[in-house]
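target.csv follows; it contains CSV, C-alpha atoms.
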chain,number,residue,atom,x,y,z
A,1,MET,CA,-40.2,14.9,-30.5
A,2,LEU,CA,-36.5,15.4,-29.9
A,3,GLY,CA,-36.9,14.5,-26.2
A,4,ALA,CA,-38.5,11.2,-27.2
A,5,ILE,CA,-35.7,10.4,-29.6
A,6,HIS,CA,-33.1,11.2,-26.9
A,7,THR,CA,-35.0,9.0,-24.4
A,8,LEU,CA,-35.1,6.2,-27.0
A,9,GLN,CA,-31.4,6.6,-27.8
A,10,ARG,CA,-30.5,6.5,-24.0
A,11,GLY,CA,-32.6,3.3,-23.7
A,12,VAL,CA,-30.6,1.8,-26.6
A,13,ILE,CA,-27.3,2.9,-25.1
A,14,ASP,CA,-28.3,1.5,-21.7
A,15,GLU,CA,-29.3,-1.8,-23.2
A,16,GLU,CA,-26.0,-2.0,-25.1
A,17,LYS,CA,-24.1,-1.4,-21.9
A,18,LEU,CA,-26.1,-4.1,-20.2
A,19,ILE,CA,-25.5,-6.6,-23.0
A,20,HIS,CA,-21.8,-5.6,-23.0
A,21,ALA,CA,-21.6,-6.2,-19.3
A,22,MET,CA,-23.3,-9.6,-19.6
A,23,ILE,CA,-20.9,-10.6,-22.4
A,24,HIS,CA,-17.9,-9.5,-20.5
A,25,LYS,CA,-18.9,-10.9,-17.2
A,26,MET,CA,-16.0,-13.0,-15.9
A,27,LYS,CA,-16.4,-16.2,-14.0
A,28,VAL,CA,-13.3,-16.7,-11.8
A,29,LEU,CA,-12.6,-19.7,-9.6
A,30,PHE,CA,-10.3,-19.1,-6.7
A,31,ILE,CA,-8.5,-22.2,-5.4
A,32,THR,CA,-6.6,-22.4,-2.1
A,33,ALA,CA,-5.5,-25.4,-0.1
A,34,ARG,CA,-5.8,-23.3,3.0
A,35,SER,CA,-8.7,-21.4,4.6
A,36,ASP,CA,-7.1,-20.9,8.0
A,37,PHE,CA,-5.1,-17.9,9.2
A,38,GLY,CA,-2.4,-16.9,6.7
A,39,GLY,CA,-1.4,-14.5,4.0
A,40,GLY,CA,-2.8,-16.5,1.0
A,41,PRO,CA,-6.3,-16.9,2.4
A,42,ARG,CA,-6.3,-13.3,3.5
A,43,HIS,CA,-5.3,-12.2,0.0
A,44,ILE,CA,-8.2,-14.1,-1.5
A,45,GLU,CA,-10.6,-12.6,1.1
A,46,GLN,CA,-9.5,-9.1,0.0
A,47,LEU,CA,-10.2,-10.0,-3.7
A,48,ILE,CA,-13.6,-11.4,-2.9
A,49,LYS,CA,-14.5,-8.3,-0.8
A,50,ASN,CA,-13.3,-5.7,-3.3
A,51,MET,CA,-13.7,-7.1,-6.8
A,52,PRO,CA,-16.4,-5.3,-8.9
A,53,LYS,CA,-19.6,-7.1,-9.9
A,54,GLU,CA,-18.3,-7.9,-13.4
A,55,VAL,CA,-16.3,-10.7,-11.7
A,56,GLU,CA,-18.5,-13.7,-10.7
A,57,ILE,CA,-16.6,-15.5,-7.9
A,58,TYR,CA,-16.5,-19.3,-7.3
A,59,MET,CA,-14.4,-21.0,-4.7
A,60,ALA,CA,-12.5,-24.2,-4.0
A,61,TYR,CA,-11.1,-24.5,-0.5
A,62,PRO,CA,-11.1,-26.6,2.7
A,63,LYS,CA,-14.5,-25.9,4.2
A,64,ASP,CA,-13.7,-26.1,8.0
A,65,GLY,CA,-10.8,-23.6,8.0
A,66,ASP,CA,-10.9,-20.9,10.7
A,67,PRO,CA,-11.4,-18.0,10.1
A,68,TYR,CA,-11.7,-17.8,6.3
A,69,GLY,CA,-13.4,-21.1,5.6
A,70,LYS,CA,-16.2,-20.3,7.9
A,71,MET,CA,-16.5,-16.8,6.6
A,72,TRP,CA,-16.6,-17.9,2.9
A,73,ALA,CA,-19.4,-20.4,3.7
A,74,LYS,CA,-21.7,-17.4,4.5
A,75,ASN,CA,-20.4,-15.0,1.8
A,76,SER,CA,-23.1,-14.1,-0.8
A,77,ARG,CA,-20.5,-12.9,-3.3
A,78,ILE,CA,-19.4,-16.6,-3.7
A,79,LYS,CA,-21.7,-18.1,-6.3
A,80,GLY,CA,-20.6,-21.7,-5.9
A,81,TYR,CA,-18.2,-23.8,-3.9
A,82,CYS,CA,-16.2,-27.1,-4.3
A,83,GLU,CA,-14.4,-28.6,-1.4
A,84,ILE,CA,-10.8,-29.7,-1.5
A,85,PRO,CA,-8.8,-31.1,1.4
A,86,TYR,CA,-6.5,-29.0,3.6
A,87,ARG,CA,-2.9,-28.9,2.2
A,88,LYS,CA,-3.3,-32.4,0.6
A,89,PHE,CA,-3.7,-33.5,-2.9
A,90,SER,CA,-6.7,-35.8,-3.8
A,91,LEU,CA,-7.5,-37.3,-7.2
A,92,SER,CA,-11.2,-37.4,-6.1
A,93,ALA,CA,-11.1,-33.7,-5.3
A,94,LEU,CA,-9.4,-33.0,-8.7
A,95,TRP,CA,-12.2,-34.9,-10.5
A,96,HIS,CA,-14.9,-33.1,-8.6
A,97,LEU,CA,-13.2,-29.8,-9.3
A,98,ARG,CA,-13.1,-30.5,-13.0
A,99,MET,CA,-16.8,-31.3,-13.0
A,100,PHE,CA,-17.6,-28.2,-11.0
A,101,ILE,CA,-15.8,-26.0,-13.5
A,102,LYS,CA,-17.6,-27.6,-16.4
A,103,LYS,CA,-21.1,-27.4,-14.7
A,104,ASN,CA,-20.7,-23.7,-13.9
A,105,ASN,CA,-19.0,-22.7,-17.3
A,106,ILE,CA,-16.0,-21.2,-15.4
A,107,THR,CA,-13.5,-19.6,-17.8
A,108,LYS,CA,-10.7,-18.6,-15.4
A,109,VAL,CA,-9.0,-20.4,-12.5
A,110,HIS,CA,-6.9,-18.3,-10.2
A,111,SER,CA,-4.9,-20.5,-7.8
A,112,HIS,CA,-3.1,-19.2,-4.7
A,113,GLY,CA,-0.1,-21.0,-3.1
A,114,GLN,CA,1.7,-24.3,-3.6
A,115,GLY,CA,-1.1,-26.8,-3.0
A,116,ALA,CA,-3.6,-24.9,-5.1
A,117,GLY,CA,-1.2,-24.6,-7.9
A,118,ILE,CA,-1.1,-28.4,-8.3
A,119,TYR,CA,-4.8,-28.5,-8.8
A,120,SER,CA,-4.9,-25.7,-11.3
A,121,LYS,CA,-2.1,-27.0,-13.5
A,122,LEU,CA,-3.7,-30.5,-13.6
A,123,ILE,CA,-7.1,-28.9,-14.4
A,124,LYS,CA,-5.5,-27.2,-17.4
A,125,LEU,CA,-4.5,-30.6,-18.7
A,126,LEU,CA,-8.0,-32.0,-18.2
A,127,SER,CA,-9.8,-28.8,-19.5
A,128,PRO,CA,-7.5,-27.0,-22.0
A,129,SER,CA,-10.0,-24.2,-22.7
A,130,VAL,CA,-9.7,-22.9,-19.1
A,131,CYS,CA,-7.4,-19.9,-18.5
A,132,VAL,CA,-5.2,-20.5,-15.5
A,133,ILE,CA,-3.7,-17.7,-13.3
A,134,HIS,CA,-1.4,-18.6,-10.4
A,135,THR,CA,-0.2,-16.5,-7.5
A,136,PHE,CA,2.8,-18.0,-5.7
A,137,HIS,CA,2.7,-16.4,-2.2
A,138,GLY,CA,6.3,-17.6,-1.6
A,139,ALA,CA,7.7,-19.2,-4.7
A,140,ALA,CA,10.9,-20.4,-3.0
A,141,SER,CA,9.3,-21.4,0.3
A,142,ILE,CA,10.6,-24.5,2.0
A,143,ASN,CA,7.9,-26.0,4.2
A,144,GLY,CA,8.1,-29.8,3.9
A,145,SER,CA,10.6,-32.6,3.7
A,146,PRO,CA,13.5,-32.3,1.2
A,147,LEU,CA,11.9,-35.1,-0.9
A,148,LYS,CA,8.5,-33.2,-0.9
A,149,ASN,CA,10.1,-30.0,-1.9
A,150,THR,CA,12.1,-31.7,-4.7
A,151,ILE,CA,8.9,-33.3,-6.1
A,152,TYR,CA,7.1,-30.0,-5.9
A,153,ARG,CA,9.9,-28.2,-7.8
A,154,ILE,CA,10.0,-30.9,-10.5
A,155,PHE,CA,6.2,-30.7,-10.9
A,156,ASN,CA,6.3,-26.8,-11.1
A,157,HIS,CA,9.1,-26.8,-13.6
A,158,GLY,CA,7.5,-29.6,-15.8
A,159,LEU,CA,4.0,-28.0,-15.9
A,160,ASN,CA,5.0,-24.3,-15.9
A,161,LYS,CA,3.5,-23.7,-19.4
A,162,THR,CA,0.0,-24.8,-18.3
A,163,VAL,CA,-0.4,-21.4,-16.6
A,164,THR,CA,-1.4,-18.5,-18.8
A,165,ARG,CA,-0.2,-15.8,-16.3
A,166,TYR,CA,1.8,-16.0,-13.1
A,167,ILE,CA,1.5,-13.4,-10.4
A,168,CYS,CA,4.3,-12.8,-7.9
A,169,VAL,CA,3.8,-10.6,-4.8
A,170,SER,CA,7.3,-9.1,-4.9
A,171,GLU,CA,10.1,-8.5,-7.4
A,172,GLY,CA,12.4,-10.9,-5.3
A,173,GLU,CA,9.8,-13.7,-5.6
A,174,LYS,CA,9.6,-13.1,-9.4
A,175,ARG,CA,13.4,-13.5,-9.7
A,176,SER,CA,13.4,-16.7,-7.6
A,177,ALA,CA,10.5,-18.2,-9.6
A,178,ILE,CA,12.2,-17.5,-12.9
A,179,THR,CA,15.5,-18.9,-11.6
A,180,LEU,CA,13.7,-22.1,-10.5
A,181,GLY,CA,12.2,-22.4,-13.9
A,182,TYR,CA,8.6,-22.0,-12.6
A,183,CYS,CA,7.8,-19.1,-14.9
A,184,SER,CA,9.3,-16.7,-17.4
A,185,ALA,CA,9.6,-12.9,-17.5
A,186,ASN,CA,7.1,-12.5,-20.3
A,187,ASN,CA,4.2,-14.2,-18.5
A,188,THR,CA,4.7,-13.0,-15.0
A,189,ASN,CA,3.3,-9.9,-13.3
A,190,VAL,CA,4.4,-8.4,-9.9
A,191,ILE,CA,1.4,-7.3,-7.8
A,192,TYR,CA,2.2,-6.2,-4.3
A,193,ASN,CA,-0.1,-7.2,-1.4
A,194,GLY,CA,-2.1,-4.4,0.0
A,195,VAL,CA,-3.9,-3.7,3.3
A,196,GLU,CA,-6.9,-1.6,4.3
A,197,GLU,CA,-6.6,1.6,6.2
A,198,SER,CA,-6.9,1.0,10.0
A,199,ASP,CA,-9.3,3.0,12.2
A,200,LYS,CA,-7.0,5.7,13.6
A,201,ALA,CA,-9.7,6.8,16.0
A,202,THR,CA,-8.8,3.7,18.1
A,203,LYS,CA,-5.2,4.9,18.5
A,204,GLU,CA,-4.0,5.1,22.1
A,205,ILE,CA,-0.8,6.8,23.1
A,206,ALA,CA,1.3,5.0,25.7
A,207,LYS,CA,2.0,7.5,28.6
A,208,ASP,CA,5.2,5.9,29.8
A,209,THR,CA,8.7,5.8,28.4
A,210,THR,CA,8.8,2.1,27.6
A,211,ILE,CA,9.9,1.3,24.0
A,212,ARG,CA,7.5,-1.3,22.7
A,213,ILE,CA,8.6,-3.7,19.9
A,214,VAL,CA,5.8,-5.5,18.2
A,215,SER,CA,5.7,-8.6,16.0
A,216,LEU,CA,2.6,-10.0,14.2
A,217,SER,CA,3.5,-13.6,13.3
A,218,ARG,CA,2.7,-17.2,13.0
A,219,PHE,CA,4.9,-19.2,15.3
A,220,ASP,CA,6.5,-21.6,12.8
A,221,TYR,CA,9.7,-22.4,10.9
A,222,ALA,CA,9.2,-19.7,8.3
A,223,LYS,CA,8.8,-16.9,10.8
A,224,HIS,CA,11.8,-18.0,12.9
A,225,MET,CA,10.4,-16.7,16.2
A,226,ASP,CA,13.3,-18.5,18.0
A,227,LEU,CA,15.5,-15.7,16.6
A,228,ALA,CA,13.1,-13.1,17.8
A,229,TYR,CA,13.3,-14.8,21.2
A,230,GLU,CA,17.1,-14.6,21.3
A,231,ILE,CA,17.0,-10.9,20.4
A,232,ALA,CA,14.4,-10.3,23.1
A,233,PHE,CA,16.4,-12.3,25.6
A,234,SER,CA,19.4,-10.0,25.1
A,235,PHE,CA,17.3,-7.1,26.5
A,236,LYS,CA,15.7,-9.0,29.4
A,237,ASN,CA,17.4,-6.8,32.0
A,238,ASP,CA,16.4,-3.6,30.3
A,239,THR,CA,13.2,-2.3,32.0
A,240,ASN,CA,12.7,0.4,29.3
A,241,ILE,CA,11.9,-2.2,26.5
A,242,GLN,CA,9.0,-4.6,26.0
A,243,PHE,CA,8.3,-7.1,23.2
A,244,ILE,CA,4.7,-7.6,22.1
A,245,TRP,CA,4.0,-10.8,20.2
A,246,VAL,CA,0.7,-11.2,18.4
A,247,GLY,CA,-0.1,-14.5,16.8
A,248,ASP,CA,-0.3,-18.2,17.3
A,249,GLY,CA,1.3,-21.4,16.0
A,250,GLU,CA,3.2,-24.6,16.7
A,251,ASP,CA,6.1,-22.9,18.4
A,252,MET,CA,4.2,-20.5,20.6
A,253,SER,CA,3.6,-22.7,23.7
A,254,ARG,CA,7.3,-23.7,23.9
A,255,LEU,CA,8.5,-20.1,23.6
A,256,LYS,CA,6.0,-18.8,26.1
A,257,ARG,CA,7.1,-21.4,28.7
A,258,LYS,CA,10.8,-20.5,28.0
A,259,SER,CA,10.1,-16.8,28.4
A,260,GLU,CA,8.3,-17.4,31.7
A,261,GLN,CA,11.2,-19.6,33.0
A,262,GLU,CA,13.9,-17.2,32.0
A,263,GLY,CA,12.2,-14.0,32.9
A,264,CYS,CA,12.1,-12.5,29.4
A,265,ASN,CA,10.2,-9.3,28.8
A,266,ILE,CA,7.8,-10.6,26.2
A,267,VAL,CA,4.0,-10.2,26.3
A,268,PHE,CA,2.3,-13.0,24.4
A,269,ILE,CA,-1.1,-11.8,23.1
A,270,GLY,CA,-2.0,-14.8,21.0
A,271,PHE,CA,-4.2,-14.6,17.9
A,272,SER,CA,-6.1,-11.3,17.5
A,273,ASN,CA,-8.8,-10.2,15.1
A,274,ALA,CA,-7.7,-6.6,15.7
A,275,PRO,CA,-3.9,-6.5,15.6
A,276,ALA,CA,-3.9,-2.8,14.5
A,277,LYS,CA,-4.2,-1.6,18.1
A,278,TYR,CA,-1.0,-3.3,19.0
A,279,LEU,CA,0.8,-1.7,16.1
A,280,GLN,CA,-0.6,1.7,17.0
A,281,THR,CA,0.7,1.5,20.6
A,282,SER,CA,4.2,0.3,19.7
A,283,ASP,CA,7.4,2.1,18.7
A,284,ILE,CA,9.2,-0.4,16.5
A,285,TYR,CA,8.3,-3.4,14.3
A,286,LEU,CA,10.4,-6.6,14.4
A,287,SER,CA,10.4,-9.4,11.8
A,288,THR,CA,12.8,-12.4,11.9
A,289,SER,CA,11.4,-14.4,9.0
A,290,ARG,CA,13.6,-16.9,7.2
A,291,PHE,CA,11.7,-16.3,3.9
A,292,GLU,CA,8.6,-14.4,2.7
A,293,GLY,CA,6.6,-13.7,-0.4
A,294,LEU,CA,5.5,-10.2,0.6
A,295,PRO,CA,4.6,-10.0,4.3
A,296,TYR,CA,1.3,-8.5,5.2
A,297,ALA,CA,2.6,-7.8,8.7
A,298,LEU,CA,5.3,-5.5,7.5
A,299,ILE,CA,2.8,-3.7,5.2
A,300,GLU,CA,0.6,-3.2,8.3
A,301,ALA,CA,3.6,-1.8,10.2
A,302,CYS,CA,4.1,0.7,7.3
A,303,GLU,CA,0.4,1.6,7.4
A,304,ALA,CA,0.7,2.3,11.2
A,305,SER,CA,3.8,4.5,10.6
A,306,LEU,CA,6.3,2.2,12.4
A,307,PRO,CA,10.0,2.0,11.8
A,308,ILE,CA,11.0,-1.6,10.9
A,309,VAL,CA,13.8,-3.9,11.9
A,310,ALA,CA,13.6,-7.0,9.7
A,311,THR,CA,15.7,-9.9,8.3
A,312,ASP,CA,17.2,-9.2,4.9
A,313,VAL,CA,15.2,-11.7,2.9
A,314,ILE,CA,12.9,-11.7,-0.2
A,315,GLY,CA,9.7,-9.8,0.5
A,316,ASN,CA,11.0,-8.1,3.7
A,317,ASN,CA,13.5,-6.1,1.8
A,318,GLU,CA,10.9,-4.6,-0.5
A,319,VAL,CA,8.7,-3.3,2.3
A,320,CYS,CA,11.6,-2.3,4.6
A,321,ILE,CA,14.2,-0.3,2.7
A,322,ASP,CA,17.5,-0.3,4.6
A,323,ASN,CA,18.2,3.1,6.2
A,324,GLU,CA,15.0,4.6,4.6
A,325,ASN,CA,12.1,3.3,6.7
A,326,GLY,CA,14.0,0.8,8.9
A,327,ILE,CA,17.1,-1.4,9.3
A,328,LEU,CA,17.6,-4.8,7.6
A,329,PHE,CA,19.8,-7.4,9.3
A,330,SER,CA,21.2,-10.9,8.8
A,331,THR,CA,22.5,-12.0,12.2
A,332,LYS,CA,21.2,-12.0,15.7
A,333,GLU,CA,24.0,-9.5,16.7
A,334,ASP,CA,23.0,-7.1,13.9
A,335,GLY,CA,19.3,-7.3,14.9
A,336,ILE,CA,20.2,-6.4,18.5
A,337,ALA,CA,22.3,-3.5,17.3
A,338,ALA,CA,19.5,-2.3,15.0
A,339,ILE,CA,17.1,-2.2,17.9
A,340,GLN,CA,19.6,-0.4,20.1
A,341,THR,CA,20.1,2.2,17.4
A,342,LEU,CA,16.4,3.0,17.2
A,343,MET,CA,15.9,2.9,20.9
A,344,ASN,CA,18.5,5.5,21.4
A,345,ASP,CA,17.5,7.8,18.6
A,346,GLU,CA,14.0,9.2,18.7
A,347,LEU,CA,14.5,11.4,15.7
A,348,LEU,CA,15.6,8.5,13.6
A,349,ARG,CA,12.5,6.5,14.7
A,350,LEU,CA,10.3,9.4,13.6
A,351,LYS,CA,12.1,9.7,10.3
A,352,TYR,CA,11.7,6.0,9.5
A,353,ALA,CA,8.1,6.1,10.7
A,354,LYS,CA,7.2,8.8,8.2
A,355,GLN,CA,8.9,7.0,5.4
A,356,SER,CA,7.0,3.8,6.3
A,357,ARG,CA,3.7,5.6,5.9
A,358,ARG,CA,4.9,7.1,2.6
A,359,ARG,CA,5.8,3.6,1.3
A,360,PHE,CA,2.4,2.3,2.3
A,361,GLU,CA,0.5,5.0,0.4
A,362,GLU,CA,2.7,4.7,-2.7
A,363,TYR,CA,2.8,0.9,-3.0
A,364,PHE,CA,0.6,-1.1,-0.7
A,365,THR,CA,-3.0,0.1,-0.7
A,366,ILE,CA,-5.8,-2.4,-1.1
A,367,THR,CA,-7.1,-0.4,-4.1
A,368,GLN,CA,-3.9,-0.8,-6.0
A,369,MET,CA,-3.7,-4.5,-5.4
A,370,VAL,CA,-7.3,-5.2,-6.5
A,371,GLN,CA,-7.2,-3.0,-9.5
A,372,THR,CA,-4.0,-4.5,-10.9
A,373,THR,CA,-5.3,-8.0,-10.4
A,374,LEU,CA,-8.5,-7.0,-12.2
A,375,ASN,CA,-6.5,-5.6,-15.0
A,376,VAL,CA,-4.8,-9.0,-15.5
A,377,TYR,CA,-8.3,-10.6,-15.7
A,378,ARG,CA,-9.5,-8.1,-18.3
A,379,GLU,CA,-6.3,-8.3,-20.4
A,380,LEU,CA,-6.7,-12.1,-20.6
A,381,ASN,CA,-10.4,-11.8,-21.3
A,382,ASP,CA,-9.6,-9.4,-24.2
A,383,LYS,CA,-6.9,-11.8,-25.6
A,384,LYS,CA,-9.3,-14.7,-25.6
A,385,GLU,CA,-11.8,-12.7,-27.6
Here is a file; write its structure as structure tokens.
Amino acid sequence: MLGAIHTLQRGVIDEEKLIHAMIHKMKVLFITARSDFGGGPRHIEQLIKNMPKEVEIYMAYPKDGDPYGKMWAKNSRIKGYCEIPYRKFSLSALWHLRMFIKKNNITKVHSHGQGAGIYSKLIKLLSPSVCVIHTFHGAASINGSPLKNTIYRIFNHGLNKTVTRYICVSEGEKRSAITLGYCSANNTNVIYNGVEESDKATKEIAKDTTIRIVSLSRFDYAKHMDLAYEIAFSFKNDTNIQFIWVGDGEDMSRLKRKSEQEGCNIVFIGFSNAPAKYLQTSDIYLSTSRFEGLPYALIEACEASLPIVATDVIGNNEVCIDNENGILFSTKEDGIAAIQTLMNDELLRLKYAKQSRRRFEEYFTITQMVQTTLNVYRELNDKKE
């Protein structure tokens, strides 16, 4: 008799849990104006892959982007999809997005990046009951003409209260966003980017004495690979050093031709789906970015236990702590000196390498990133109820 009662009680409890889970299931629409290679789309892919089933995921993105657009088109976790144009605003896309949200009873919109933020803020004006969350991925980034940047900043400042919660990927980005009037301290969370553990079984140890300096980068204005080239050029007569560049972009062909003409010791890998192997076979990581949100590449360098030489800009200086796990610099001459220091001091390289790995484990795991984002969703869900 008691056993039957316990079984009945368990059934009631299980049913209550099921009902509770159904009530608390969250429908979240991710919006991104990019689905090609980049930190923002990569961040969304990590959320899609690692969010628990209580989050029902919908997407708005440019459908033909490579690699993420093509991946998302086949992803069974995504319950529905609405197309928006690549890095361009469209009134037609905004209207279709509003109807898509209404049709699917979506309660939360989480936009990522500048272009996506325009859509989410206007959606809030059209559908006031929707809860909008926005992640900047570079609040102070300057990517367009001065006029375009000015319009964007006026828009962000004017509609900043349409967003319920802002997420910055670094403390420096949060300070910039508040200074620009995009958000306030009381409605902004800092959630660091995270990366997965790489497969250490693939690690290969170089057998020679060459010091390999690796950079994972887009070749564009923000990443300032011209500065990386000037630094590499200063070592072109040193046979004990080699620069490894992994990535692609608008500046790559020009810099590759220049390197070949001037005999610079740079190996151009191009885009790679498996950049970890280049990190694991290198000795130093180099970043020359003009600005960042929080760079995935530097976090991957920490995961791979590499000492870092990086420009002292927002984002970089929260992954690389000067004289702890690397050296920060502001000028070409300082960057050259930093590399020379690490080249000539193996013990210092080892010390910084260990500290890089420690920083990864403490701040930049994928588990931490996903869990803290989920906590924001749950908190906003509870407030609504």
Distance table requested - stretch 62-103 of chain A against stretch 127-143 of chain A, cut-off 12 Å, only C-alpha atoms: one row per qualifying residue with the closest atom pair and its distance in Å to one decimal, ordered by chain and rising residue number, as a tab-separated table.
residue	atom	partner	partner_atom	distance
A:Arg87	CA	A:Asn143	CA	11.4
A:Leu94	CA	A:Ser127	CA	11.6
A:Trp95	CA	A:Ser127	CA	11.1
A:Leu97	CA	A:Ser127	CA	10.8
A:Arg98	CA	A:Ser127	CA	7.5
A:Met99	CA	A:Ser127	CA	9.9
A:Phe100	CA	A:Ser127	CA	11.6
A:Ile101	CA	A:Val130	CA	8.8
A:Lys102	CA	A:Ser127	CA	8.5
Excluding A:Ser282 and residues on its chain fewer than 4 positions from it, collect all residues at most 7 Å away from it, counting all atoms listed in the file, and give them as a PDB file with C-alpha atoms, in the coordinates of the input.
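Final output, saved to around-v6.pdb:
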ATOM      1  CA  ARG A 212       7.500  -1.300  22.700  1.00  0.00           C
ATOM      2  CA  ILE A 213       8.600  -3.700  19.900  1.00  0.00           C
ATOM      3  CA  VAL A 214       5.800  -5.500  18.200  1.00  0.00           C
ATOM      4  CA  TYR A 278      -1.000  -3.300  19.000  1.00  0.00           C
TER       5      TYR A 278
END
- Message: Using all atoms listed in the file, can you tell me which of A:Glu250, A:Glu324, A:Glu197, A:Glu173 comes closest to A:Glu300?
- Response: A:Glu197
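With all atoms listed in the file as the atoms that count, the minimum distance from A:Asp248 to the choices A:Thr179, A:Ser215, A:Thr373, A:Thr288 is reached by A:Ser215.
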- Task: For A:Val309, please output as a PyMOL selection string all residues within 10 Å (counting all atoms listed in the file; exclusion window: fewer than 6 positions along the same chain).
- Result: chain A and resi 213+284-288+298+316+320-322+325-329+334-336+338-339+342
- Item | Distance in Å - atom CA of A:Lys223 versus atom CA of A:Asp238 |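 Between these atoms lies a distance of 24.8 Å.
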- So which residues touch A:Glu362 within 12 Å, counting all atoms listed in the file, skipping near sequence neighbours fewer than 4 positions away, as a list of chain:residue names?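 Answer for this query is A:Tyr192, A:Gly194, A:Ile299, A:Cys302, A:Glu303, A:Val319, A:Gln355, A:Ser356, A:Arg357, A:Arg358, A:Ile366, A:Thr367, A:Gln368, A:Met369.
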